[in-house]
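Enquirer: Structure in structure tokens, see below.
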Amino acid sequence: MAMSPDVPSVGNTPENPENGSPSEAHAAGTGGGERRGRVRARRAAVMAVPATLLAAGLAVLTAQGALGVQFAISGMPFTVTATELNGTGFEQFGGLDTMADGSPNAGDTGGQELVVTSAIKNATLDHLCQSVDLGGTNLLITAGVGADKVQASDLTTDSTELSGNAAFNNIEIGNDASTLTKAGVKGPIGVFSQQADTVHIANLRQTNYATTAGVFKLPGLKLRFSGSGC
């Protein structure tokens, strides 16, 4: 898993839409008017999309946020699973991650990925598995399969898919992201978000582009190549 820091990336916030990302500047410089239009349309469209909770899990469609990672993402998604996640201090809203200029993984996205950013102040995970498809083989990481659980603080994940069976205590849905208080992270003003005192997700499965954490303890860590992923 990879987390997103609390400070928004320069030029990648809704309040500075005209600054543009390095990827947008590259597209403009190569005559990619159509690509630039798609990126701008993507930014505009997501601003009004609400979040919704499903009984069998958590599916969130969110507006563009500013809690993107402060590094250029590779553009290669990775899978994260856990039999159980328990967290205190939960926040969630939208974000836009950006790849390095000229990334071969950019495709027709303009080098950007619309993501759901989840922030948890303190979290524990059972049977954590992380895998990335390298083309013909998978880099596989497992931890927390014994008595000791994986522990993380100031954890954030930038995801395009998230599923599981979720339960929240004292949840607030529809907050302005700039007013969030539960995980110590604030998003940009005018962005739809939600937060809760605690979160429990059984059978967690995520497709992520980035993860960061202040502290990440991985008891029983194993890293290896495998023919199959998580």
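Ligands are numbered from 1 in the order shown, residues from 1 within each chain, and chains are lettered A, B, ... in the order they appear in the structure tokens.
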Which neighbours of segment 88-93 of chain A fall inside 8 Å, counting only C-alpha atoms, when residues of the same chain fewer than 5 positions from it are skipped, and could you give them as a ChimeraX atom specification?
Expert: /A:62-65,116-123,177,180,182-183,185,187,191-199
Enquirer: Rounded to one decimal in Å, what is the spacing between atom CA of Thr124 of chain A and atom CA of Thr137 of chain A?
Expert: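 The value is 28.5 Å.
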Enquirer: Name all residues at most 12 Å from Ser228 of chain A (count only C-alpha atoms; drop same-chain ones fewer than 6 positions away) and give them as a VMD selection string.
Expert: chain A and resid 79 129 to 141
Enquirer: Show which residues sit within 9 Å of Asn105 of chain A, as a list in words. Count only C-alpha atoms, and ignore same-chain residues fewer than 3 positions away.
Expert: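 Contacts, with the query itself left out: Ser74, Gly75, Met76, Met99, Gly102 and Gly111 of chain A.
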Enquirer: Using N, CA, C and O atoms, can you export the residues from the last selection as a PDB file, in the first residue's frame?
Expert:
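Result went into result31.pdb, see below:
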ATOM      1  N   SER A  74       4.049   5.660 -11.082  1.00  0.00           N
ATOM      2  CA  SER A  74       4.538   4.876 -12.215  1.00  0.00           C
ATOM      3  C   SER A  74       3.451   4.672 -13.257  1.00  0.00           C
ATOM      4  O   SER A  74       3.750   4.448 -14.434  1.00  0.00           O
ATOM      5  N   GLY A  75       2.193   4.717 -12.819  1.00  0.00           N
ATOM      6  CA  GLY A  75       1.088   4.421 -13.717  1.00  0.00           C
ATOM      7  C   GLY A  75       0.787   2.941 -13.803  1.00  0.00           C
ATOM      8  O   GLY A  75      -0.091   2.527 -14.564  1.00  0.00           O
ATOM      9  N   MET A  76       1.486   2.115 -13.012  1.00  0.00           N
ATOM     10  CA  MET A  76       1.225   0.683 -12.941  1.00  0.00           C
ATOM     11  C   MET A  76       0.402   0.402 -11.700  1.00  0.00           C
ATOM     12  O   MET A  76       0.871   0.608 -10.575  1.00  0.00           O
ATOM     13  N   MET A  99       1.515  11.051 -13.586  1.00  0.00           N
ATOM     14  CA  MET A  99       2.717  10.298 -13.953  1.00  0.00           C
ATOM     15  C   MET A  99       3.824  11.255 -14.390  1.00  0.00           C
ATOM     16  O   MET A  99       3.586  12.434 -14.641  1.00  0.00           O
ATOM     17  N   GLY A 102       6.203  11.871 -20.241  1.00  0.00           N
ATOM     18  CA  GLY A 102       6.667  10.866 -21.176  1.00  0.00           C
ATOM     19  C   GLY A 102       6.527   9.441 -20.696  1.00  0.00           C
ATOM     20  O   GLY A 102       7.090   8.535 -21.312  1.00  0.00           O
ATOM     21  N   GLY A 111      -1.617  11.122 -18.765  1.00  0.00           N
ATOM     22  CA  GLY A 111      -0.686  10.904 -17.661  1.00  0.00           C
ATOM     23  C   GLY A 111      -1.306  11.115 -16.306  1.00  0.00           C
ATOM     24  O   GLY A 111      -0.596  11.302 -15.319  1.00  0.00           O
TER      25      GLY A 111
END
Enquirer: Quick one, how far is atom CA of Gly184 of chain A from atom CA of Ala143 of chain A?
Expert: 26.5 Å
Enquirer: With only C-alpha atoms as the basis for distance, which of A:Ala106, A:Pro219, A:Ala202, A:Ala100 is at the shortest distance from Ala147 of chain A?
Expert: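 Of all the options, A:Pro219 lies closest to Ala147 of chain A.
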Enquirer: From a backbone DSSP assignment, name each residue in segment 163-218 of chain A labelled strand (DSSP E), as an MDAnalysis selection string.
Expert: chainID A and resid 163:169 172:176 192:212 215:217
Enquirer: Please write the residues from the selection above to a file, keeping C-alpha atoms, as a PDB file, in the first residue's frame.
Expert:
ATOM      1  CA  SER A 163     -14.437  -3.498  -2.168  1.00  0.00           C
ATOM      2  CA  GLY A 164     -15.223  -5.328   1.057  1.00  0.00           C
ATOM      3  CA  ASN A 165     -17.778  -5.447   3.854  1.00  0.00           C
ATOM      4  CA  ALA A 166     -17.534  -2.122   5.666  1.00  0.00           C
ATOM      5  CA  ALA A 167     -18.782  -0.755   8.972  1.00  0.00           C
ATOM      6  CA  PHE A 168     -18.283   2.783  10.311  1.00  0.00           C
ATOM      7  CA  ASN A 169     -18.832   4.514  13.641  1.00  0.00           C
ATOM      8  CA  GLU A 172     -20.352  11.924   8.265  1.00  0.00           C
ATOM      9  CA  ILE A 173     -21.135  11.897   4.535  1.00  0.00           C
ATOM     10  CA  GLY A 174     -21.088  15.020   2.405  1.00  0.00           C
ATOM     11  CA  ASN A 175     -18.453  17.057   4.236  1.00  0.00           C
ATOM     12  CA  ASP A 176     -16.451  19.700   2.455  1.00  0.00           C
ATOM     13  CA  PHE A 192     -17.248  16.094  -1.563  1.00  0.00           C
ATOM     14  CA  SER A 193     -15.897  13.845   1.190  1.00  0.00           C
ATOM     15  CA  GLN A 194     -16.761  11.654   4.141  1.00  0.00           C
ATOM     16  CA  GLN A 195     -15.198  10.793   7.484  1.00  0.00           C
ATOM     17  CA  ALA A 196     -15.787   8.540  10.494  1.00  0.00           C
ATOM     18  CA  ASP A 197     -14.365   7.868  13.947  1.00  0.00           C
ATOM     19  CA  THR A 198     -13.618   4.233  13.083  1.00  0.00           C
ATOM     20  CA  VAL A 199     -13.706   1.929  10.074  1.00  0.00           C
ATOM     21  CA  HIS A 200     -13.823  -1.859   9.814  1.00  0.00           C
ATOM     22  CA  ILE A 201     -13.537  -3.599   6.441  1.00  0.00           C
ATOM     23  CA  ALA A 202     -13.608  -7.376   6.073  1.00  0.00           C
ATOM     24  CA  ASN A 203     -12.268  -9.010   2.908  1.00  0.00           C
ATOM     25  CA  LEU A 204     -10.671  -5.769   1.730  1.00  0.00           C
ATOM     26  CA  ARG A 205      -9.570  -5.578  -1.892  1.00  0.00           C
ATOM     27  CA  GLN A 206      -8.100  -2.481  -3.546  1.00  0.00           C
ATOM     28  CA  THR A 207      -6.605  -1.495  -6.875  1.00  0.00           C
ATOM     29  CA  ASN A 208      -4.113   1.220  -5.961  1.00  0.00           C
ATOM     30  CA  TYR A 209      -1.757   3.611  -7.703  1.00  0.00           C
ATOM     31  CA  ALA A 210      -0.031   4.962  -4.586  1.00  0.00           C
ATOM     32  CA  THR A 211       0.304   4.337  -0.848  1.00  0.00           C
ATOM     33  CA  THR A 212       2.129   6.250   1.854  1.00  0.00           C
ATOM     34  CA  VAL A 215       5.000   4.287  10.022  1.00  0.00           C
ATOM     35  CA  PHE A 216       4.435   0.901   8.350  1.00  0.00           C
ATOM     36  CA  LYS A 217       5.232  -2.249  10.360  1.00  0.00           C
TER      37      LYS A 217
END
Enquirer: Between atom CA of Ile171 of chain A and atom CA of Thr83 of chain A, measure the distance and give it in Å to one decimal.
Expert: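 Those two atoms sit 22.3 Å apart.
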Enquirer: What's the 9 Å shell around Leu125 of chain A, counting only C-alpha atoms, without same-chain residues fewer than 2 positions away, as a PyMOL selection string?
Expert: chain A and resi 82-87+123+127-128+144+149-152
Enquirer: Of the residues A:Arg224, A:Ile189, A:Asp126, A:Val115, which is the one nearest to Gly146 of chain A, using only C-alpha atoms?
Expert: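 For Gly146 of chain A, the nearest of the candidates is A:Asp126.
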